[in-house]
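Below is entry28.txt, which holds compact mmCIF, C-alpha atoms.
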# COMPACT_ATOMS: atom_id res chain seq x y z
CA MET A 1 151.65 -77.58 96.10
CA PRO A 2 151.67 -81.31 96.76
CA PHE A 3 150.39 -83.23 99.75
CA SER A 4 152.94 -84.14 102.40
CA ALA A 5 153.78 -87.80 102.94
CA LEU A 6 153.58 -88.15 106.70
CA PRO A 7 154.19 -90.92 109.23
CA ARG A 8 151.35 -92.30 111.30
CA PRO A 9 150.30 -90.09 114.22
CA PRO A 10 151.23 -88.91 116.72
CA TYR A 11 153.22 -85.95 115.38
CA TRP A 12 152.92 -82.18 115.71
CA THR A 13 151.58 -79.42 113.49
CA THR A 14 151.55 -75.63 113.28
CA VAL A 15 148.57 -74.07 111.57
CA PHE A 16 149.48 -70.60 110.31
CA VAL A 17 146.41 -68.64 109.18
CA SER A 18 147.14 -65.26 107.67
CA LYS A 19 145.74 -62.33 105.75
CA ARG A 20 148.28 -60.70 103.48
CA ARG A 21 148.44 -56.93 103.64
CA ASP A 22 149.29 -56.54 99.99
CA ALA A 23 149.49 -59.43 97.56
CA ASP A 24 152.30 -57.70 95.71
CA HIS A 25 154.36 -56.54 98.67
CA ALA A 26 157.98 -56.29 97.58
CA GLY A 27 160.15 -59.09 98.81
CA TYR A 28 157.34 -61.22 100.17
CA GLN A 29 157.70 -64.13 97.79
CA ALA A 30 161.47 -64.32 98.14
CA ALA A 31 161.29 -64.20 101.92
CA SER A 32 158.40 -66.67 101.99
CA ASP A 33 160.46 -69.07 99.91
CA LEU A 34 163.37 -68.53 102.27
CA LEU A 35 161.19 -69.39 105.28
CA GLY A 36 160.00 -72.51 103.50
CA GLN A 37 163.58 -73.57 102.89
CA LEU A 38 164.42 -72.72 106.50
CA SER A 39 161.61 -75.04 107.66
CA ALA A 40 162.62 -77.90 105.40
CA ALA A 41 166.20 -77.71 106.67
CA GLN A 42 165.18 -78.00 110.34
CA ASP A 43 165.61 -81.15 112.37
CA GLY A 44 162.26 -82.83 112.87
CA PHE A 45 160.56 -81.27 109.84
CA LEU A 46 158.05 -83.68 108.26
CA GLY A 47 156.25 -81.63 105.63
CA ILE A 48 154.36 -78.46 104.72
CA GLU A 49 151.12 -77.70 102.87
CA SER A 50 149.82 -74.30 101.88
CA ALA A 51 146.89 -72.64 100.15
CA ARG A 52 146.10 -68.98 99.55
CA GLY A 53 143.05 -67.56 97.85
CA PRO A 54 142.90 -64.50 95.61
CA ASP A 55 141.65 -62.45 98.59
CA GLY A 56 145.03 -62.85 100.32
CA PHE A 57 143.64 -65.16 103.01
CA GLY A 58 145.90 -68.17 103.38
CA ILE A 59 146.60 -71.24 105.49
CA THR A 60 149.97 -72.94 105.80
CA VAL A 61 150.24 -76.15 107.79
CA SER A 62 153.64 -77.54 108.71
CA TYR A 63 154.31 -80.90 110.33
CA TRP A 64 156.98 -81.81 112.88
CA ASP A 65 158.08 -84.85 114.78
CA SER A 66 158.03 -83.11 118.17
CA LEU A 67 157.12 -79.93 120.01
CA ARG A 68 160.84 -79.35 120.52
CA ALA A 69 161.35 -79.23 116.75
CA ILE A 70 158.63 -76.56 116.50
CA LYS A 71 160.24 -74.51 119.25
CA ASN A 72 163.61 -74.63 117.50
CA TRP A 73 162.05 -73.70 114.18
CA LYS A 74 159.99 -70.88 115.75
CA ARG A 75 163.11 -69.34 117.27
CA GLN A 76 164.78 -69.18 113.88
CA ALA A 77 161.66 -68.10 112.01
CA ASP A 78 160.98 -65.27 114.49
CA HIS A 79 164.52 -64.07 114.04
CA LYS A 80 164.28 -64.21 110.28
CA LEU A 81 160.86 -62.51 110.21
CA ALA A 82 162.22 -59.70 112.40
CA GLN A 83 165.18 -59.27 110.06
CA GLU A 84 162.92 -59.16 107.03
CA ASN A 85 160.20 -57.03 108.68
CA GLY A 86 157.75 -59.84 108.10
CA ALA A 87 155.03 -58.25 110.24
CA ALA A 88 154.60 -55.65 107.50
CA TRP A 89 153.44 -58.38 105.12
CA TYR A 90 150.43 -59.42 107.19
CA GLU A 91 147.27 -57.61 108.13
CA HIS A 92 146.77 -60.34 110.72
CA TYR A 93 147.83 -63.87 111.49
CA GLU A 94 147.00 -66.61 113.97
CA VAL A 95 149.21 -69.56 114.85
CA ARG A 96 147.92 -72.74 116.45
CA ILE A 97 150.24 -75.49 117.60
CA ALA A 98 148.66 -78.89 117.96
CA GLU A 99 149.42 -82.56 118.42
CA VAL A 100 147.99 -84.70 115.62
CA LYS A 101 146.30 -87.77 117.09
CA TYR A 102 144.44 -89.23 114.10
CA ALA A 103 144.78 -89.04 110.32
CA TYR A 104 143.03 -90.54 107.33
CA SER A 105 142.69 -89.84 103.62
CA LEU A 106 140.36 -90.38 100.70
CA GLY A 107 140.02 -94.12 100.21
CA ASP A 108 142.01 -94.93 103.34
CA HIS A 109 140.26 -94.45 106.61
CA GLY A 110 143.37 -95.64 108.38
CA PRO A 111 143.57 -97.60 111.58
CA GLY A 112 140.54 -97.58 113.84
CA PRO A 113 138.00 -95.93 111.53
CA ALA A 114 135.26 -96.73 114.00
CA ASP A 115 137.28 -94.93 116.63
CA ILE A 116 137.10 -91.67 114.73
CA MET B 1 136.73 -65.58 105.01
CA PRO B 2 137.33 -64.13 108.48
CA PHE B 3 139.49 -65.43 111.27
CA SER B 4 137.73 -67.47 113.94
CA ALA B 5 137.52 -66.04 117.46
CA LEU B 6 138.60 -68.97 119.60
CA PRO B 7 138.95 -69.67 123.31
CA ARG B 8 142.32 -70.28 124.86
CA PRO B 9 143.72 -73.78 124.26
CA PRO B 10 143.24 -76.61 124.73
CA TYR B 11 140.67 -77.34 122.06
CA TRP B 12 140.56 -79.60 118.99
CA THR B 13 140.97 -79.08 115.28
CA THR B 14 140.49 -80.93 112.03
CA VAL B 15 142.78 -79.98 109.16
CA PHE B 16 141.17 -80.91 105.84
CA VAL B 17 143.63 -80.63 102.95
CA SER B 18 142.17 -81.30 99.52
CA LYS B 19 142.71 -81.10 95.81
CA ARG B 20 139.53 -80.39 93.89
CA ARG B 21 138.93 -82.57 90.86
CA ASP B 22 137.25 -79.83 88.92
CA ALA B 23 136.84 -76.28 90.14
CA ASP B 24 133.49 -76.03 88.40
CA HIS B 25 132.03 -79.37 89.37
CA ALA B 26 128.27 -79.04 89.45
CA GLY B 27 126.79 -78.83 92.89
CA TYR B 28 130.08 -78.48 94.70
CA GLN B 29 129.57 -74.98 96.03
CA ALA B 30 126.05 -75.63 97.20
CA ALA B 31 127.06 -78.83 98.98
CA SER B 32 130.18 -77.21 100.41
CA ASP B 33 128.02 -74.44 101.84
CA LEU B 34 125.67 -77.05 103.24
CA LEU B 35 128.57 -78.83 104.97
CA GLY B 36 129.72 -75.52 106.42
CA GLN B 37 126.24 -74.89 107.78
CA LEU B 38 126.16 -78.45 109.10
CA SER B 39 129.42 -77.83 110.97
CA ALA B 40 128.29 -74.55 112.44
CA ALA B 41 125.10 -76.16 113.73
CA GLN B 42 126.96 -78.93 115.60
CA ASP B 43 127.40 -79.00 119.35
CA GLY B 44 130.95 -78.09 120.23
CA PHE B 45 131.72 -76.18 117.02
CA LEU B 46 134.08 -73.25 117.66
CA GLY B 47 134.97 -71.93 114.22
CA ILE B 48 136.18 -72.63 110.69
CA GLU B 49 138.80 -71.09 108.40
CA SER B 50 139.40 -71.94 104.76
CA ALA B 51 141.62 -71.01 101.82
CA ARG B 52 141.80 -72.40 98.30
CA GLY B 53 144.18 -71.35 95.56
CA PRO B 54 143.44 -71.13 91.85
CA ASP B 55 145.07 -74.56 91.38
CA GLY B 56 142.24 -76.21 93.34
CA PHE B 57 144.47 -77.04 96.31
CA GLY B 58 142.75 -76.00 99.52
CA ILE B 59 142.94 -76.20 103.30
CA THR B 60 139.96 -75.96 105.64
CA VAL B 61 140.58 -75.92 109.38
CA SER B 62 137.67 -76.36 111.78
CA TYR B 63 137.82 -75.99 115.54
CA TRP B 64 135.94 -77.95 118.18
CA ASP B 65 135.68 -78.05 121.93
CA SER B 66 136.30 -81.80 122.17
CA LEU B 67 137.16 -84.94 120.25
CA ARG B 68 133.62 -86.13 120.87
CA ALA B 69 132.27 -83.11 118.96
CA ILE B 70 134.50 -84.00 116.00
CA LYS B 71 133.30 -87.60 116.06
CA ASN B 72 129.67 -86.50 116.04
CA TRP B 73 130.32 -84.04 113.22
CA LYS B 74 132.27 -86.61 111.20
CA ARG B 75 129.43 -89.10 111.41
CA GLN B 76 127.03 -86.53 109.94
CA ALA B 77 129.50 -85.19 107.39
CA ASP B 78 130.35 -88.69 106.11
CA HIS B 79 126.66 -89.41 105.69
CA LYS B 80 126.08 -86.14 103.86
CA LEU B 81 129.14 -86.59 101.62
CA ALA B 82 127.94 -90.07 100.70
CA GLN B 83 124.51 -88.72 99.85
CA GLU B 84 126.00 -85.97 97.72
CA ASN B 85 128.70 -88.16 96.16
CA GLY B 86 131.34 -85.89 97.66
CA ALA B 87 134.23 -88.19 96.77
CA ALA B 88 133.69 -87.25 93.13
CA TRP B 89 134.64 -83.64 93.96
CA TYR B 90 138.14 -84.46 95.19
CA GLU B 91 141.17 -85.83 93.42
CA HIS B 92 142.60 -86.44 96.88
CA TYR B 93 142.18 -85.33 100.46
CA GLU B 94 143.90 -85.79 103.80
CA VAL B 95 142.34 -85.23 107.20
CA ARG B 96 144.35 -84.68 110.37
CA ILE B 97 142.72 -84.45 113.77
CA ALA B 98 144.74 -82.71 116.43
CA GLU B 99 144.58 -81.21 119.89
CA VAL B 100 145.60 -77.55 119.95
CA LYS B 101 147.94 -76.91 122.87
CA TYR B 102 149.26 -73.40 122.14
CA ALA B 103 148.04 -70.40 120.16
CA TYR B 104 149.24 -66.87 119.50
CA SER B 105 148.64 -64.14 116.96
CA LEU B 106 150.28 -61.11 115.41
CA GLY B 107 150.96 -58.66 118.22
CA ASP B 108 149.85 -61.08 120.91
CA HIS B 109 152.20 -63.86 121.77
CA GLY B 110 149.74 -65.05 124.38
CA PRO B 111 150.51 -66.68 127.66
CA GLY B 112 153.93 -68.19 128.07
CA PRO B 113 155.63 -66.82 124.94
CA ALA B 114 158.95 -68.01 126.27
CA ASP B 115 157.45 -71.47 126.55
CA ILE B 116 156.74 -71.65 122.86
For the structure just supplied, provide its representation as structure tokens.
Amino acid sequence: MPFSALPRPPYWTTVFVSKRRDADHAGYQAASDLLGQLSAAQDGFLGIESARGPDGFGITVSYWDSLRAIKNWKRQADHKLAQENGAAWYEHYEVRIAEVKYAYSLGDHGPGPADI
Amino acid sequence: MPFSALPRPPYWTTVFVSKRRDADHAGYQAASDLLGQLSAAQDGFLGIESARGPDGFGITVSYWDSLRAIKNWKRQADHKLAQENGAAWYEHYEVRIAEVKYAYSLGDHGPGPADI
């Protein structure tokens, strides 16, 4: 999965950390794809990045232009997860919602490197 | 890798998203472990979670009690990465530093679920 091209901070992020119950659970991939499409179609969506290891432990980070956009997305995602029985897919998950204040990348320490 | 037990927000996080240049690069695992130990030994460190897929794309999220703690950690990590030639391990990476405002987990929608 590629890196997201994001604007300069500030913007918002949701960090979704999860342990899959069963890597081969029926319907997971299709529904996961559907949630990804649902995110990308939301107002205020900026990007999404995801990694999951062979142990089923994964992290998905999505980026949004405002807290309001996250709230709107969460309302739809909760509804969709309930419809699809999404809780059955996960042994556990944690969600953290945060405001990104600084960002830099390899070879580009961005504005104010001394500041951070 | 387990989930981190974290206090209630607010706290801070760094989201490190990276593409490994070579999954078998000599010395990577040892130095990665060393950086993890370096993080855990820092004042203000709260936890770390990490996932990397077979394609070498990975996300590591660390949690801190303040921006100051992140700055102190970054100073040491930069120094260590330079010593170990860490840039050679990564095709690309992005770092986002954010303040966590809300958190909830499976079966626990935390305080103010209606608020988020």
Which residues of chain B sit at most 10 Å from chain A, using all atoms listed in the file? Give each one's shortest atom pair and distance in Å (one decimal place), in chain and ascending residue order, as a tab-separated table.
residue	atom	partner	partner_atom	distance
B:Met1	CA	A:Phe57	CA	7.2
B:Pro2	CA	A:Phe57	CA	8.4
B:Phe3	CA	A:Val17	CA	7.9
B:Ser4	CA	A:Glu94	CA	9.3
B:Pro9	CA	A:Arg96	CA	8.9
B:Pro10	CA	A:Ala98	CA	9.0
B:Tyr11	CA	A:Ala98	CA	9.1
B:Trp12	CA	A:Ala98	CA	8.2
B:Thr13	CA	A:Ala98	CA	8.1
B:Thr14	CA	A:Val100	CA	9.1
B:Val15	CA	A:Val61	CA	8.5
B:Phe16	CA	A:Ser105	CA	9.3
B:Val17	CA	A:Phe3	CA	7.9
B:Ser18	CA	A:Phe3	CA	8.4
B:Lys19	CA	A:Phe3	CA	8.9
B:Glu49	CA	A:Val17	CA	8.0
B:Ser50	CA	A:Ile59	CA	7.3
B:Ala51	CA	A:Gly58	CA	5.4
B:Arg52	CA	A:Gly53	CA	5.0
B:Gly53	CA	A:Gly53	CA	4.6
B:Pro54	CA	A:Gly53	CA	7.0
B:Asp55	CA	A:Met1	CA	8.6
B:Gly56	CA	A:Ala51	CA	9.0
B:Phe57	CA	A:Ala51	CA	6.3
B:Gly58	CA	A:Ala51	CA	5.4
B:Ile59	CA	A:Ala51	CA	6.2
B:Thr60	CA	A:Ile59	CA	8.1
B:Val61	CA	A:Val15	CA	8.5
B:Leu67	CA	A:Ile116	CA	8.7
B:Arg68	CA	A:Ile116	CA	9.0
B:Ile70	CA	A:Ile116	CA	8.2
B:Lys71	CA	A:Ile116	CA	5.7
B:Asn72	CA	A:Ile116	CA	9.1
B:Lys74	CA	A:Ile116	CA	7.8
B:Arg75	CA	A:Ile116	CA	8.7
B:Ala87	CA	A:Leu106	CA	7.6
B:Tyr90	CA	A:Leu106	CA	8.4
B:Glu91	CA	A:Leu106	CA	8.6
B:His92	CA	A:Leu106	CA	5.9
B:Tyr93	CA	A:Leu106	CA	5.4
B:Glu94	CA	A:Ser105	CA	4.2
B:Val95	CA	A:Tyr104	CA	5.4
B:Arg96	CA	A:Ala103	CA	4.4
B:Ile97	CA	A:Tyr102	CA	5.1
B:Ala98	CA	A:Val100	CA	3.9
B:Glu99	CA	A:Ala98	CA	5.1
B:Val100	CA	A:Ala98	CA	3.9
B:Lys101	CA	A:Ala98	CA	5.3
B:Tyr102	CA	A:Ile97	CA	5.1
B:Ala103	CA	A:Arg96	CA	4.4
B:Tyr104	CA	A:Val95	CA	5.4
B:Ser105	CA	A:Glu94	CA	4.2
B:Leu106	CA	A:Tyr93	CA	5.4
B:Gly107	CA	A:His92	CA	8.8
B:Asp108	CA	A:Glu94	CA	9.3
B:His109	CA	A:Val95	CA	9.5
B:Ala114	CA	A:Lys71	CA	9.7
B:Asp115	CA	A:Lys71	CA	8.4
B:Ile116	CA	A:Lys71	CA	5.8
Exercise. How far is it from CA of Leu81 in chain B to CA of Pro7 in chain B, in Å with one decimal?
Worked result: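 Value for the CA of Leu81 in chain B-CA of Pro7 in chain B distance: 29.2 Å.
The space between CA of Gln42 in chain B and CA of Ala69 in chain B spans 7.5 Å.
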Reference chain B, mobile chain A, all Cα atoms fitted, written as a tab-separated table (two decimals) with C-alpha atoms, in the frame of the given file:
chain	number	residue	atom	x	y	z
A	1	MET	CA	136.73	-65.58	105.00
A	2	PRO	CA	137.32	-64.12	108.45
A	3	PHE	CA	139.48	-65.42	111.26
A	4	SER	CA	137.73	-67.46	113.93
A	5	ALA	CA	137.51	-66.04	117.45
A	6	LEU	CA	138.60	-68.96	119.59
A	7	PRO	CA	138.93	-69.66	123.31
A	8	ARG	CA	142.32	-70.28	124.86
A	9	PRO	CA	143.72	-73.77	124.25
A	10	PRO	CA	143.24	-76.61	124.74
A	11	TYR	CA	140.64	-77.34	122.05
A	12	TRP	CA	140.53	-79.60	119.00
A	13	THR	CA	140.97	-79.07	115.28
A	14	THR	CA	140.48	-80.93	112.01
A	15	VAL	CA	142.77	-79.97	109.17
A	16	PHE	CA	141.17	-80.90	105.85
A	17	VAL	CA	143.63	-80.63	102.95
A	18	SER	CA	142.16	-81.28	99.54
A	19	LYS	CA	142.71	-81.08	95.81
A	20	ARG	CA	139.53	-80.39	93.89
A	21	ARG	CA	138.94	-82.57	90.86
A	22	ASP	CA	137.24	-79.84	88.89
A	23	ALA	CA	136.86	-76.29	90.12
A	24	ASP	CA	133.51	-76.03	88.38
A	25	HIS	CA	132.05	-79.38	89.38
A	26	ALA	CA	128.27	-79.06	89.44
A	27	GLY	CA	126.81	-78.86	92.88
A	28	TYR	CA	130.10	-78.49	94.71
A	29	GLN	CA	129.58	-74.98	96.02
A	30	ALA	CA	126.04	-75.65	97.21
A	31	ALA	CA	127.06	-78.84	98.97
A	32	SER	CA	130.17	-77.21	100.41
A	33	ASP	CA	128.01	-74.44	101.83
A	34	LEU	CA	125.67	-77.06	103.23
A	35	LEU	CA	128.57	-78.84	104.97
A	36	GLY	CA	129.70	-75.52	106.40
A	37	GLN	CA	126.24	-74.90	107.79
A	38	LEU	CA	126.14	-78.47	109.09
A	39	SER	CA	129.41	-77.83	110.97
A	40	ALA	CA	128.28	-74.54	112.44
A	41	ALA	CA	125.09	-76.15	113.74
A	42	GLN	CA	126.95	-78.92	115.60
A	43	ASP	CA	127.39	-78.97	119.34
A	44	GLY	CA	130.95	-78.06	120.23
A	45	PHE	CA	131.70	-76.16	117.02
A	46	LEU	CA	134.07	-73.23	117.66
A	47	GLY	CA	134.96	-71.92	114.22
A	48	ILE	CA	136.18	-72.63	110.69
A	49	GLU	CA	138.79	-71.09	108.39
A	50	SER	CA	139.39	-71.93	104.76
A	51	ALA	CA	141.62	-71.01	101.84
A	52	ARG	CA	141.79	-72.38	98.31
A	53	GLY	CA	144.17	-71.34	95.58
A	54	PRO	CA	143.42	-71.11	91.87
A	55	ASP	CA	145.05	-74.53	91.38
A	56	GLY	CA	142.23	-76.19	93.35
A	57	PHE	CA	144.47	-77.01	96.31
A	58	GLY	CA	142.75	-75.98	99.52
A	59	ILE	CA	142.94	-76.18	103.30
A	60	THR	CA	139.97	-75.95	105.64
A	61	VAL	CA	140.56	-75.91	109.38
A	62	SER	CA	137.66	-76.36	111.77
A	63	TYR	CA	137.81	-75.98	115.54
A	64	TRP	CA	135.92	-77.96	118.19
A	65	ASP	CA	135.67	-78.04	121.93
A	66	SER	CA	136.27	-81.80	122.18
A	67	LEU	CA	137.17	-84.93	120.25
A	68	ARG	CA	133.62	-86.13	120.87
A	69	ALA	CA	132.25	-83.12	118.98
A	70	ILE	CA	134.49	-84.01	116.01
A	71	LYS	CA	133.30	-87.60	116.06
A	72	ASN	CA	129.66	-86.50	116.04
A	73	TRP	CA	130.30	-84.04	113.24
A	74	LYS	CA	132.29	-86.61	111.21
A	75	ARG	CA	129.43	-89.10	111.40
A	76	GLN	CA	127.03	-86.57	109.94
A	77	ALA	CA	129.48	-85.20	107.39
A	78	ASP	CA	130.34	-88.70	106.12
A	79	HIS	CA	126.67	-89.42	105.70
A	80	LYS	CA	126.07	-86.18	103.87
A	81	LEU	CA	129.14	-86.60	101.64
A	82	ALA	CA	127.97	-90.11	100.71
A	83	GLN	CA	124.53	-88.77	99.85
A	84	GLU	CA	126.01	-86.02	97.71
A	85	ASN	CA	128.74	-88.20	96.15
A	86	GLY	CA	131.33	-85.89	97.65
A	87	ALA	CA	134.24	-88.19	96.78
A	88	ALA	CA	133.71	-87.25	93.14
A	89	TRP	CA	134.63	-83.65	93.95
A	90	TYR	CA	138.14	-84.44	95.18
A	91	GLU	CA	141.18	-85.80	93.42
A	92	HIS	CA	142.59	-86.42	96.89
A	93	TYR	CA	142.19	-85.30	100.46
A	94	GLU	CA	143.90	-85.79	103.81
A	95	VAL	CA	142.33	-85.21	107.21
A	96	ARG	CA	144.34	-84.67	110.37
A	97	ILE	CA	142.71	-84.44	113.77
A	98	ALA	CA	144.74	-82.71	116.43
A	99	GLU	CA	144.57	-81.22	119.89
A	100	VAL	CA	145.59	-77.55	119.94
A	101	LYS	CA	147.94	-76.91	122.86
A	102	TYR	CA	149.24	-73.40	122.14
A	103	ALA	CA	148.03	-70.39	120.16
A	104	TYR	CA	149.23	-66.88	119.50
A	105	SER	CA	148.63	-64.12	116.97
A	106	LEU	CA	150.28	-61.10	115.42
A	107	GLY	CA	150.97	-58.64	118.22
A	108	ASP	CA	149.86	-61.06	120.92
A	109	HIS	CA	152.23	-63.82	121.77
A	110	GLY	CA	149.78	-65.05	124.36
A	111	PRO	CA	150.56	-66.69	127.65
A	112	GLY	CA	154.00	-68.20	128.09
A	113	PRO	CA	155.72	-66.84	124.97
A	114	ALA	CA	159.03	-68.12	126.26
A	115	ASP	CA	157.45	-71.54	126.54
A	116	ILE	CA	156.78	-71.69	122.83
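Reported to one decimal place, the separation of CA of Phe45 in chain B from CA of Ser32 in chain B is 16.7 Å.
Proximity ranking of A:Asp33, A:Asp43, A:Asp22, A:Glu84 relative to Trp64 in chain A places A:Asp43 first, based on only C-alpha atoms.
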For this session: Find the residue from B:Arg21, B:Gln29, B:Leu6, B:Ser39 that sits nearest to Ala77 in chain B; use all atoms listed in the file when measuring.
Result: B:Ser39
For this session: Could you tell me which of A:Tyr63, A:Lys80, A:Arg20, A:Ala30 comes closest to Gly44 in chain A if we count all atoms listed in the file?
Result: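 Nearest to Gly44 in chain A: A:Tyr63.
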Since the input lacks atoms, please generate N, CA, C and O atoms for range 84-96 of chain A and provide them as a PDB file, in the frame of the given file.
ATOM      1  N   GLU A  84     163.527 -59.482 108.326  1.00  0.00           N
ATOM      2  CA  GLU A  84     162.920 -59.160 107.030  1.00  0.00           C
ATOM      3  C   GLU A  84     161.693 -58.260 107.186  1.00  0.00           C
ATOM      4  O   GLU A  84     161.012 -57.956 106.212  1.00  0.00           O
ATOM      5  N   ASN A  85     161.379 -57.858 108.413  1.00  0.00           N
ATOM      6  CA  ASN A  85     160.200 -57.030 108.680  1.00  0.00           C
ATOM      7  C   ASN A  85     158.922 -57.734 108.226  1.00  0.00           C
ATOM      8  O   ASN A  85     158.033 -57.144 107.600  1.00  0.00           O
ATOM      9  N   GLY A  86     158.854 -59.001 108.549  1.00  0.00           N
ATOM     10  CA  GLY A  86     157.750 -59.840 108.100  1.00  0.00           C
ATOM     11  C   GLY A  86     156.382 -59.372 108.558  1.00  0.00           C
ATOM     12  O   GLY A  86     155.385 -59.589 107.874  1.00  0.00           O
ATOM     13  N   ALA A  87     156.323 -58.697 109.721  1.00  0.00           N
ATOM     14  CA  ALA A  87     155.030 -58.250 110.240  1.00  0.00           C
ATOM     15  C   ALA A  87     154.350 -57.288 109.263  1.00  0.00           C
ATOM     16  O   ALA A  87     153.127 -57.165 109.248  1.00  0.00           O
ATOM     17  N   ALA A  88     155.163 -56.602 108.467  1.00  0.00           N
ATOM     18  CA  ALA A  88     154.600 -55.650 107.500  1.00  0.00           C
ATOM     19  C   ALA A  88     153.836 -56.351 106.382  1.00  0.00           C
ATOM     20  O   ALA A  88     153.026 -55.732 105.694  1.00  0.00           O
ATOM     21  N   TRP A  89     154.111 -57.650 106.196  1.00  0.00           N
ATOM     22  CA  TRP A  89     153.440 -58.380 105.120  1.00  0.00           C
ATOM     23  C   TRP A  89     151.995 -58.723 105.448  1.00  0.00           C
ATOM     24  O   TRP A  89     151.193 -58.963 104.567  1.00  0.00           O
ATOM     25  N   TYR A  90     151.716 -58.844 106.775  1.00  0.00           N
ATOM     26  CA  TYR A  90     150.430 -59.420 107.190  1.00  0.00           C
ATOM     27  C   TYR A  90     149.533 -58.394 107.859  1.00  0.00           C
ATOM     28  O   TYR A  90     149.952 -57.665 108.747  1.00  0.00           O
ATOM     29  N   GLU A  91     148.298 -58.384 107.441  1.00  0.00           N
ATOM     30  CA  GLU A  91     147.270 -57.610 108.130  1.00  0.00           C
ATOM     31  C   GLU A  91     147.002 -58.265 109.489  1.00  0.00           C
ATOM     32  O   GLU A  91     146.839 -57.596 110.499  1.00  0.00           O
ATOM     33  N   HIS A  92     146.961 -59.588 109.475  1.00  0.00           N
ATOM     34  CA  HIS A  92     146.770 -60.340 110.720  1.00  0.00           C
ATOM     35  C   HIS A  92     147.213 -61.778 110.491  1.00  0.00           C
ATOM     36  O   HIS A  92     147.181 -62.258 109.370  1.00  0.00           O
ATOM     37  N   TYR A  93     147.647 -62.420 111.576  1.00  0.00           N
ATOM     38  CA  TYR A  93     147.830 -63.870 111.490  1.00  0.00           C
ATOM     39  C   TYR A  93     147.564 -64.522 112.840  1.00  0.00           C
ATOM     40  O   TYR A  93     147.615 -63.874 113.880  1.00  0.00           O
ATOM     41  N   GLU A  94     147.230 -65.779 112.783  1.00  0.00           N
ATOM     42  CA  GLU A  94     147.000 -66.610 113.970  1.00  0.00           C
ATOM     43  C   GLU A  94     147.817 -67.880 113.787  1.00  0.00           C
ATOM     44  O   GLU A  94     147.870 -68.435 112.683  1.00  0.00           O
ATOM     45  N   VAL A  95     148.444 -68.318 114.859  1.00  0.00           N
ATOM     46  CA  VAL A  95     149.210 -69.560 114.850  1.00  0.00           C
ATOM     47  C   VAL A  95     148.653 -70.495 115.892  1.00  0.00           C
ATOM     48  O   VAL A  95     148.412 -70.084 117.034  1.00  0.00           O
ATOM     49  N   ARG A  96     148.387 -71.722 115.497  1.00  0.00           N
ATOM     50  CA  ARG A  96     147.920 -72.740 116.450  1.00  0.00           C
ATOM     51  C   ARG A  96     148.857 -73.933 116.362  1.00  0.00           C
ATOM     52  O   ARG A  96     149.157 -74.406 115.267  1.00  0.00           O
TER      53      ARG A  96
END
